[in-house]
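Participant: The structure's right below; bear with me while I get my questions together.
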Amino acid sequence: MVFSGIQPSGRLHIGNYVGAMKNMIALQDEYFCIYGIVDYHAMTVRFDPKEMEMSIFSAAVDYIAAGIDPEKSVLMLQSTVSEHTELAWILNTITPISWLSRVPTFKEKSKENPDYVHMGLFDYPALMAADIILYKAHVVPVGDDQVAHLELTREIVRRFNSYFGQTFPEPEAKLGEISRILGLDGVNKMSKSLGNCIYLDETKEEIWKKLSTAVTDTNRKKRNDPGNPDICNIFTMHKAFSKQEDIEHCAHGCRTAGIGCLDCKKILLDNMYKELEPIQNKQKELRNKKDYIYEVLRDGKKRAKQIAQKTMDEVYEKIGIDSYHK
Ligand code: ADP
């Protein structure tokens, strides 16, 4: 069983796509997969309720357009399966505060928004643990920023199993070949909240505007200076989007100053857009199929809930309240 989630907190960017979605798509052929639009997680930062419905709709469109197939996998909205928060509460009762306070995301986000540090943000990893183990998932395709959270999930699982008896498997992160894409600044992780992204639905012109000024190897000051592709974010993107021949050409050209950064970026633009164009066509088509998207999420809710209820029955039994739940 596979579980992964993406927050409906804005358009998907190529970091989400390369770091998590490509693996999520590939795993569908091998495993039964449940993919969540995790709206409760998106509520751990300040949000506008007027935008929530549309954000969830776009996340569903993006998932399907990129290749999540609702015939093969379950695509569901987290808040429609109430077992996620029920299990999260039980996990809350066994998760020490000290474990949650060392999570890097909490520290980063509270620094970003010092006036908006509340329980939901602090407790996010316990809900994430519930999301995953509710379906007894073994495999969780994510980018490398989620590894610390997943390690915490494993610790929570070990504690639950030791307190109440073997119940949940310890899930493992499945990282993509490229598990972290930096933003256009070349320093921070590409992230919706930092706005340093290339989005999946941008036109070729819009992408070029961003790529042409994106940071490369900062030691390469002039066109004739040789560069180091190993420390260049554009080269990392090449590894995600370009074929081997172009990757080798750009690496060699950069090291020997045979090509400039702009030449290298132009090749990347063509390759990236070749992959994004069919996704964008599908996005346009799906945005007009409102009924279909809602139906996919209703069906996902039904299928996810069946599994979730079974797990919760087992949990109630393990914690001694099952006779009141029959
Ligand atoms: P964001 O960090 O942009 O808010 P999410 O938290 O919704 O995105 O992350 C969804 C998935 O995308 C997670 O598995 C996460 O690890 C992955 N991801 C997000 N940003 C990146 C990135 N820059 N590089 C690689 N993977 C990423």
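Residues are named by chain letter and number: chains run A, B, ... in the order of the structure tokens, numbers start at 1 in each chain, and ligands are numbered from 1 in the order shown.
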Check which residues fall inside 9 Å of ligand 1 when counting only C-alpha atoms and all ligand atoms, and print them as a PyMOL selection string.

Facilitator: chain A and resi 4-21+37-38+41-42+140-147+175-176+178-183+188-195+197

Participant: Go ahead and dump the residues you just picked, N, CA and C atoms, as a tab-separated table (two decimals), in the first residue's frame.

Facilitator:
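For reference, selection04.tsv as written:
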chain	number	residue	atom	x	y	z
A	4	SER	N	0.37	9.06	-0.25
A	4	SER	CA	1.09	10.33	-0.24
A	4	SER	C	0.07	11.45	-0.36
A	5	GLY	N	0.46	12.63	0.05
A	5	GLY	CA	-0.48	13.75	-0.01
A	5	GLY	C	0.20	15.02	-0.48
A	6	ILE	N	-0.62	15.87	-1.08
A	6	ILE	CA	-0.14	17.20	-1.46
A	6	ILE	C	-1.17	18.22	-0.97
A	7	GLN	N	-0.66	19.32	-0.45
A	7	GLN	CA	-1.58	20.34	0.08
A	7	GLN	C	-2.23	21.15	-1.04
A	8	PRO	N	-3.51	21.47	-0.87
A	8	PRO	CA	-4.14	22.34	-1.87
A	8	PRO	C	-3.87	23.80	-1.54
A	9	SER	N	-2.60	24.17	-1.59
A	9	SER	CA	-2.28	25.52	-1.14
A	9	SER	C	-1.68	26.35	-2.27
A	10	GLY	N	-2.09	26.07	-3.48
A	10	GLY	CA	-1.57	26.85	-4.60
A	10	GLY	C	-1.28	25.93	-5.76
A	11	ARG	N	-0.83	26.55	-6.88
A	11	ARG	CA	-0.57	25.72	-8.06
A	11	ARG	C	0.61	24.80	-7.79
A	12	LEU	N	0.59	23.64	-8.43
A	12	LEU	CA	1.73	22.73	-8.26
A	12	LEU	C	2.93	23.27	-9.02
A	13	HIS	N	4.11	23.05	-8.47
A	13	HIS	CA	5.32	23.51	-9.13
A	13	HIS	C	6.19	22.32	-9.52
A	14	ILE	N	7.25	22.59	-10.26
A	14	ILE	CA	8.04	21.47	-10.77
A	14	ILE	C	8.78	20.73	-9.65
A	15	GLY	N	8.95	21.38	-8.47
A	15	GLY	CA	9.53	20.67	-7.31
A	15	GLY	C	8.60	19.56	-6.86
A	16	ASN	N	7.31	19.90	-6.71
A	16	ASN	CA	6.31	18.88	-6.34
A	16	ASN	C	6.30	17.75	-7.38
A	17	TYR	N	6.35	18.18	-8.64
A	17	TYR	CA	6.22	17.21	-9.73
A	17	TYR	C	7.42	16.26	-9.79
A	18	VAL	N	8.62	16.83	-9.74
A	18	VAL	CA	9.82	16.00	-9.86
A	18	VAL	C	10.08	15.23	-8.55
A	19	GLY	N	9.92	15.95	-7.42
A	19	GLY	CA	10.27	15.34	-6.13
A	19	GLY	C	9.29	14.28	-5.67
A	20	ALA	N	8.01	14.47	-5.96
A	20	ALA	CA	7.03	13.52	-5.42
A	20	ALA	C	6.14	12.90	-6.50
A	21	MET	N	5.60	13.74	-7.38
A	21	MET	CA	4.54	13.21	-8.26
A	21	MET	C	5.03	12.17	-9.26
A	37	ILE	N	-5.52	14.83	-1.19
A	37	ILE	CA	-5.41	16.29	-1.21
A	37	ILE	C	-5.59	16.68	0.24
A	38	VAL	N	-4.51	17.07	0.88
A	38	VAL	CA	-4.55	17.16	2.35
A	38	VAL	C	-4.92	18.59	2.78
A	41	HIS	N	-3.99	19.99	6.28
A	41	HIS	CA	-2.61	20.48	6.39
A	41	HIS	C	-2.48	21.90	5.83
A	42	ALA	N	-3.26	22.17	4.76
A	42	ALA	CA	-3.20	23.51	4.16
A	42	ALA	C	-3.77	24.56	5.12
A	140	VAL	N	5.88	5.63	0.97
A	140	VAL	CA	5.38	7.01	0.91
A	140	VAL	C	6.27	7.82	-0.04
A	141	PRO	N	5.82	8.02	-1.28
A	141	PRO	CA	6.64	8.81	-2.21
A	141	PRO	C	6.59	10.30	-1.86
A	142	VAL	N	7.74	10.86	-1.54
A	142	VAL	CA	7.84	12.28	-1.13
A	142	VAL	C	9.19	12.86	-1.55
A	143	GLY	N	9.28	14.17	-1.46
A	143	GLY	CA	10.57	14.85	-1.65
A	143	GLY	C	11.37	14.80	-0.36
A	144	ASP	N	12.64	15.19	-0.42
A	144	ASP	CA	13.51	14.96	0.75
A	144	ASP	C	13.17	15.84	1.96
A	145	ASP	N	12.38	16.92	1.75
A	145	ASP	CA	11.98	17.75	2.90
A	145	ASP	C	11.02	17.01	3.83
A	146	GLN	N	10.48	15.90	3.36
A	146	GLN	CA	9.52	15.15	4.19
A	146	GLN	C	10.17	14.00	4.96
A	147	VAL	N	11.46	13.80	4.76
A	147	VAL	CA	12.11	12.64	5.38
A	147	VAL	C	12.05	12.72	6.92
A	175	LEU	N	12.08	8.18	-2.12
A	175	LEU	CA	12.54	9.44	-2.71
A	175	LEU	C	12.72	9.30	-4.21
A	176	GLY	N	12.42	10.38	-4.93
A	176	GLY	CA	12.66	10.38	-6.37
A	176	GLY	C	14.15	10.44	-6.65
A	178	ILE	N	15.61	12.65	-8.26
A	178	ILE	CA	15.92	14.03	-7.88
A	178	ILE	C	14.93	14.35	-6.76
A	179	SER	N	15.41	14.41	-5.55
A	179	SER	CA	14.47	14.52	-4.43
A	179	SER	C	14.34	15.93	-3.88
A	180	ARG	N	15.11	16.86	-4.46
A	180	ARG	CA	14.99	18.27	-4.04
A	180	ARG	C	15.34	19.19	-5.20
A	181	ILE	N	14.41	20.06	-5.54
A	181	ILE	CA	14.69	21.09	-6.54
A	181	ILE	C	14.74	22.41	-5.81
A	182	LEU	N	15.80	23.17	-6.05
A	182	LEU	CA	15.88	24.48	-5.42
A	182	LEU	C	15.05	25.48	-6.22
A	183	GLY	N	14.73	26.58	-5.58
A	183	GLY	CA	13.97	27.62	-6.26
A	183	GLY	C	14.84	28.40	-7.24
A	188	ASN	N	17.14	28.44	-1.70
A	188	ASN	CA	16.08	27.81	-0.92
A	188	ASN	C	15.37	26.74	-1.74
A	189	LYS	N	14.73	25.82	-1.03
A	189	LYS	CA	13.89	24.81	-1.68
A	189	LYS	C	12.81	25.51	-2.49
A	190	MET	N	12.54	25.00	-3.69
A	190	MET	CA	11.40	25.55	-4.43
A	190	MET	C	10.15	25.28	-3.62
A	191	SER	N	9.39	26.31	-3.31
A	191	SER	CA	8.25	26.12	-2.41
A	191	SER	C	7.17	27.17	-2.68
A	192	LYS	N	5.92	26.69	-2.64
A	192	LYS	CA	4.79	27.60	-2.88
A	192	LYS	C	4.88	28.81	-1.96
A	193	SER	N	5.24	28.56	-0.69
A	193	SER	CA	5.19	29.65	0.26
A	193	SER	C	6.31	30.67	0.02
A	194	LEU	N	7.36	30.29	-0.69
A	194	LEU	CA	8.45	31.24	-0.95
A	194	LEU	C	8.29	31.94	-2.31
A	195	GLY	N	7.40	31.39	-3.13
A	195	GLY	CA	7.12	32.03	-4.43
A	195	GLY	C	8.30	32.01	-5.39
A	197	CYS	N	9.04	29.69	-7.61
A	197	CYS	CA	8.71	28.45	-8.34
A	197	CYS	C	8.51	28.63	-9.83

Participant: May I have the residues within 10 Å of Ile307 of chain A as a list in words, using only C-alpha atoms and disregarding those fewer than 2 positions away in the same chain?

Facilitator: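 So the residues in contact are Glu83, Leu134, Tyr135, Lys136, Lys302, Arg303, Ala304, Lys305, Gln309, Lys310, Thr311 and Met312 of chain A.
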
Participant: Can you write out the residues you just picked, keeping all heavy atoms, as a compact mmCIF listing (two decimals), in the first residue's frame?

Facilitator:
# COMPACT_ATOMS: atom_id res chain seq x y z
N GLU A 83 -11.83 9.75 9.68
CA GLU A 83 -10.92 8.88 10.43
C GLU A 83 -9.49 9.46 10.50
O GLU A 83 -8.73 9.13 11.42
CB GLU A 83 -10.87 7.48 9.79
CG GLU A 83 -12.12 6.62 10.04
CD GLU A 83 -13.31 6.97 9.17
OE1 GLU A 83 -13.20 7.89 8.31
OE2 GLU A 83 -14.36 6.34 9.33
N LEU A 134 -3.22 5.21 8.63
CA LEU A 134 -4.65 4.86 8.52
C LEU A 134 -4.86 3.81 7.42
O LEU A 134 -5.75 2.98 7.50
CB LEU A 134 -5.43 6.14 8.19
CG LEU A 134 -6.94 6.08 8.18
CD1 LEU A 134 -7.48 5.62 9.53
CD2 LEU A 134 -7.52 7.46 7.85
N TYR A 135 -4.03 3.88 6.39
CA TYR A 135 -4.14 2.92 5.28
C TYR A 135 -3.05 1.85 5.37
O TYR A 135 -2.84 1.11 4.41
CB TYR A 135 -4.06 3.68 3.95
CG TYR A 135 -5.12 4.76 3.88
CD1 TYR A 135 -4.80 6.11 4.02
CD2 TYR A 135 -6.47 4.42 3.74
CE1 TYR A 135 -5.78 7.09 4.01
CE2 TYR A 135 -7.46 5.40 3.73
CZ TYR A 135 -7.11 6.72 3.87
OH TYR A 135 -8.09 7.68 3.88
N LYS A 136 -2.37 1.81 6.48
CA LYS A 136 -1.25 0.88 6.67
C LYS A 136 -0.26 0.93 5.49
O LYS A 136 0.17 -0.12 4.98
CB LYS A 136 -1.77 -0.54 6.90
CG LYS A 136 -2.69 -0.63 8.12
CD LYS A 136 -2.78 -2.02 8.66
CE LYS A 136 -3.56 -2.04 9.97
NZ LYS A 136 -3.72 -3.33 10.56
N LYS A 302 -15.34 7.35 -0.77
CA LYS A 302 -16.00 6.07 -0.46
C LYS A 302 -14.97 4.95 -0.30
O LYS A 302 -14.97 4.20 0.66
CB LYS A 302 -16.96 5.71 -1.61
CG LYS A 302 -18.40 5.48 -1.15
CD LYS A 302 -19.29 5.02 -2.30
CE LYS A 302 -19.72 6.18 -3.18
NZ LYS A 302 -20.22 5.82 -4.51
N ARG A 303 -14.06 4.89 -1.27
CA ARG A 303 -13.08 3.80 -1.25
C ARG A 303 -12.09 3.94 -0.09
O ARG A 303 -11.72 2.96 0.56
CB ARG A 303 -12.35 3.73 -2.59
CG ARG A 303 -13.29 3.25 -3.70
CD ARG A 303 -12.76 3.60 -5.08
NE ARG A 303 -11.59 2.83 -5.45
CZ ARG A 303 -10.75 3.18 -6.43
NH1 ARG A 303 -10.94 4.30 -7.11
NH2 ARG A 303 -9.71 2.44 -6.72
N ALA A 304 -11.69 5.17 0.18
CA ALA A 304 -10.73 5.38 1.28
C ALA A 304 -11.39 5.07 2.62
O ALA A 304 -10.78 4.47 3.51
CB ALA A 304 -10.22 6.82 1.24
N LYS A 305 -12.64 5.48 2.73
CA LYS A 305 -13.34 5.34 4.01
C LYS A 305 -13.49 3.86 4.41
O LYS A 305 -13.37 3.51 5.58
CB LYS A 305 -14.70 6.02 3.93
CG LYS A 305 -15.16 6.49 5.28
CD LYS A 305 -16.23 7.55 5.20
CE LYS A 305 -16.74 7.83 6.59
NZ LYS A 305 -15.92 8.67 7.45
N GLN A 309 -12.13 2.83 7.97
CA GLN A 309 -13.00 2.33 9.04
C GLN A 309 -12.49 1.01 9.59
O GLN A 309 -12.54 0.76 10.80
CB GLN A 309 -14.44 2.15 8.51
CG GLN A 309 -15.20 3.46 8.51
CD GLN A 309 -16.56 3.38 7.84
OE1 GLN A 309 -16.82 2.48 7.04
NE2 GLN A 309 -17.43 4.33 8.17
N LYS A 310 -11.99 0.18 8.68
CA LYS A 310 -11.45 -1.12 9.12
C LYS A 310 -10.26 -0.90 10.07
O LYS A 310 -10.15 -1.55 11.12
CB LYS A 310 -10.98 -1.92 7.88
CG LYS A 310 -11.59 -3.31 7.86
CD LYS A 310 -11.34 -4.02 6.57
CE LYS A 310 -10.42 -5.19 6.83
NZ LYS A 310 -9.64 -5.60 5.68
N THR A 311 -9.40 0.02 9.70
CA THR A 311 -8.25 0.29 10.57
C THR A 311 -8.72 0.82 11.91
O THR A 311 -8.21 0.42 12.97
CB THR A 311 -7.30 1.32 9.92
OG1 THR A 311 -6.93 0.85 8.64
CG2 THR A 311 -6.06 1.56 10.76
N MET A 312 -9.70 1.73 11.88
CA MET A 312 -10.15 2.32 13.14
C MET A 312 -10.82 1.28 14.04
O MET A 312 -10.66 1.32 15.26
CB MET A 312 -11.08 3.52 12.89
CG MET A 312 -10.38 4.76 12.39
SD MET A 312 -8.89 5.23 13.32
CE MET A 312 -9.59 5.77 14.87

Participant: State, in Å with one decimal place, the distance from atom CA of Tyr35 of chain A to atom CA of Val74 of chain A.

Facilitator: 6.0 Å

Participant: So that each row is one residue of segment 146-197 of chain A with an atom at most 9 Å from segment 103-110 of chain A, can you give its shortest atom pair and the distance in Å to one decimal, using only C-alpha atoms, rows by chain and rising number, as a tab-separated table?

Facilitator:
residue	atom	partner	partner_atom	distance
A:Ala148	CA	A:Val103	CA	6.9
A:His149	CA	A:Val103	CA	7.1
A:Leu152	CA	A:Val103	CA	8.5

Participant: Output C-alpha atoms for every residue in the selection just made, as a tab-separated table (two decimals), in the first residue's frame.

Facilitator:
chain	number	residue	atom	x	y	z
A	148	ALA	CA	12.24	14.07	8.92
A	149	HIS	CA	8.43	13.92	9.16
A	152	LEU	CA	8.73	10.85	13.18

Participant: Quick one: pull the distance between atom CA of Lys209 of chain A and atom CA of Leu269 of chain A, Å, one decimal.

Facilitator: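 Interatomic distance, atom CA of Lys209 of chain A to atom CA of Leu269 of chain A: 10.4 Å.
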
Participant: Which of segment 46-276 of chain A end up as strand (DSSP E) when DSSP is run on this backbone - answer as a list in words?

Facilitator: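 So the strand (DSSP E) residues in segment 46-276 of chain A would be Val74, Leu75, Met76, Leu77, Val139, Val140, Pro141, Val142, Glu172, Ala173, Lys174 and Leu175 of chain A.
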
Participant: Keeping only N, CA and C atoms, write the selected residues as a PDB file, in the first residue's frame.

Facilitator:
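Listing of selection_19.pdb after writing:
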ATOM      1  N   VAL A  74      -6.742   5.609  -5.675  1.00  0.00           N
ATOM      2  CA  VAL A  74      -7.774   6.375  -4.980  1.00  0.00           C
ATOM      3  C   VAL A  74      -7.279   7.817  -4.852  1.00  0.00           C
ATOM      4  N   LEU A  75      -8.087   8.745  -5.344  1.00  0.00           N
ATOM      5  CA  LEU A  75      -7.772  10.166  -5.152  1.00  0.00           C
ATOM      6  C   LEU A  75      -8.840  10.733  -4.220  1.00  0.00           C
ATOM      7  N   MET A  76      -8.412  11.198  -3.067  1.00  0.00           N
ATOM      8  CA  MET A  76      -9.408  11.588  -2.064  1.00  0.00           C
ATOM      9  C   MET A  76      -9.041  12.909  -1.395  1.00  0.00           C
ATOM     10  N   LEU A  77     -10.068  13.514  -0.790  1.00  0.00           N
ATOM     11  CA  LEU A  77      -9.868  14.744  -0.034  1.00  0.00           C
ATOM     12  C   LEU A  77      -9.850  14.376   1.451  1.00  0.00           C
ATOM     13  N   VAL A 139       4.812   2.384   1.781  1.00  0.00           N
ATOM     14  CA  VAL A 139       5.657   3.216   0.921  1.00  0.00           C
ATOM     15  C   VAL A 139       5.029   4.608   0.799  1.00  0.00           C
ATOM     16  N   VAL A 140       5.878   5.634   0.971  1.00  0.00           N
ATOM     17  CA  VAL A 140       5.379   7.006   0.908  1.00  0.00           C
ATOM     18  C   VAL A 140       6.268   7.818  -0.044  1.00  0.00           C
ATOM     19  N   PRO A 141       5.822   8.022  -1.282  1.00  0.00           N
ATOM     20  CA  PRO A 141       6.636   8.813  -2.214  1.00  0.00           C
ATOM     21  C   PRO A 141       6.590  10.300  -1.861  1.00  0.00           C
ATOM     22  N   VAL A 142       7.743  10.861  -1.538  1.00  0.00           N
ATOM     23  CA  VAL A 142       7.837  12.276  -1.127  1.00  0.00           C
ATOM     24  C   VAL A 142       9.189  12.864  -1.547  1.00  0.00           C
ATOM     25  N   GLU A 172       8.038   3.602   4.800  1.00  0.00           N
ATOM     26  CA  GLU A 172       9.338   4.123   4.343  1.00  0.00           C
ATOM     27  C   GLU A 172       9.152   5.185   3.274  1.00  0.00           C
ATOM     28  N   ALA A 173      10.006   6.205   3.345  1.00  0.00           N
ATOM     29  CA  ALA A 173       9.966   7.249   2.312  1.00  0.00           C
ATOM     30  C   ALA A 173      10.523   6.683   1.021  1.00  0.00           C
ATOM     31  N   LYS A 174       9.869   7.011  -0.086  1.00  0.00           N
ATOM     32  CA  LYS A 174      10.405   6.631  -1.385  1.00  0.00           C
ATOM     33  C   LYS A 174      10.784   7.928  -2.086  1.00  0.00           C
ATOM     34  N   LEU A 175      12.079   8.183  -2.122  1.00  0.00           N
ATOM     35  CA  LEU A 175      12.538   9.440  -2.712  1.00  0.00           C
ATOM     36  C   LEU A 175      12.715   9.299  -4.214  1.00  0.00           C
TER      37      LEU A 175
END

Participant: Return the single residue from A:Thr216, A:Gln78, A:Gln283, A:Asn271 that is closest to Asn228 of chain A, with distances computed using only C-alpha atoms.

Facilitator: A:Thr216

Participant: Would you pick out the contacts of segment 230-240 of chain A at 9 Å or less, using only C-alpha atoms, so that residues sharing its chain but fewer than 2 positions from it are not included, and give the list as a ChimeraX atom specification?

Facilitator: /A:18,177-178,180-184,186-187,211,214-218,227-228,242-244,246-247,250-251,261,264-265,267-268,271-272

Participant: Quick one: pick out all helix (DSSP H, G or I) residues within segment 210-318 of chain A from a backbone DSSP run and write them as a count of residues only.

Facilitator: 83

Participant: Please measure the separation of atom CA of Ala129 of chain A and atom CA of Ile156 of chain A, giving the value in Å to one decimal.

Facilitator: 7.5 Å

Participant: So that I can check the surroundings of segment 275-281 of chain A, please list as a compact mmCIF listing (two decimals) with N, CA, C and O atoms, in the first residue's frame every protein, DNA and RNA residue that reaches within 9 Å of it, counting only C-alpha atoms and ignoring chain neighbours fewer than 4 positions away.

Facilitator:
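around-v8.txt, written as the output of this step:
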# COMPACT_ATOMS: atom_id res chain seq x y z
N ASP A 62 -4.73 19.04 -11.17
CA ASP A 62 -3.28 18.90 -11.37
C ASP A 62 -2.82 17.45 -11.19
O ASP A 62 -2.00 16.95 -11.95
N ILE A 64 -4.55 14.71 -11.62
CA ILE A 64 -5.00 13.84 -12.72
C ILE A 64 -4.27 14.20 -14.01
O ILE A 64 -3.83 13.32 -14.75
N ALA A 65 -4.11 15.51 -14.24
CA ALA A 65 -3.43 15.94 -15.47
C ALA A 65 -2.00 15.42 -15.51
O ALA A 65 -1.48 15.03 -16.55
N ALA A 66 -1.36 15.38 -14.35
CA ALA A 66 0.05 14.94 -14.32
C ALA A 66 0.16 13.42 -14.49
O ALA A 66 1.21 12.92 -14.86
N GLY A 67 -0.91 12.69 -14.22
CA GLY A 67 -0.84 11.24 -14.46
C GLY A 67 -1.38 10.36 -13.35
O GLY A 67 -1.25 9.14 -13.42
N LEU A 200 3.52 24.29 -12.90
CA LEU A 200 3.23 23.32 -13.96
C LEU A 200 2.41 23.92 -15.09
O LEU A 200 2.45 23.43 -16.20
N ASP A 201 1.65 24.99 -14.79
CA ASP A 201 0.75 25.51 -15.83
C ASP A 201 1.27 26.80 -16.48
O ASP A 201 0.51 27.53 -17.08
N GLU A 202 2.55 27.06 -16.36
CA GLU A 202 3.06 28.29 -16.97
C GLU A 202 3.38 28.12 -18.45
O GLU A 202 3.78 27.03 -18.89
N THR A 203 3.20 29.22 -19.21
CA THR A 203 3.49 29.15 -20.65
C THR A 203 5.02 29.09 -20.83
O THR A 203 5.78 29.42 -19.92
N LYS A 204 5.40 28.71 -22.06
CA LYS A 204 6.83 28.61 -22.34
C LYS A 204 7.50 29.98 -22.14
O LYS A 204 8.61 30.07 -21.59
N PHE A 241 14.61 16.61 -16.40
CA PHE A 241 13.78 16.79 -17.59
C PHE A 241 14.47 16.42 -18.91
O PHE A 241 13.79 16.24 -19.91
N ASP A 270 13.39 23.86 -23.57
CA ASP A 270 12.73 23.02 -24.57
C ASP A 270 12.34 21.68 -23.97
O ASP A 270 11.23 21.19 -24.18
N ASN A 271 13.25 21.08 -23.24
CA ASN A 271 12.97 19.75 -22.68
C ASN A 271 11.89 19.80 -21.61
O ASN A 271 11.01 18.94 -21.55
N GLU A 285 -8.38 20.81 -20.28
CA GLU A 285 -9.55 19.97 -20.55
C GLU A 285 -10.30 19.68 -19.24
O GLU A 285 -11.52 19.80 -19.17
N LEU A 286 -9.54 19.34 -18.18
CA LEU A 286 -10.19 18.92 -16.93
C LEU A 286 -10.86 20.08 -16.19
O LEU A 286 -11.83 19.89 -15.47
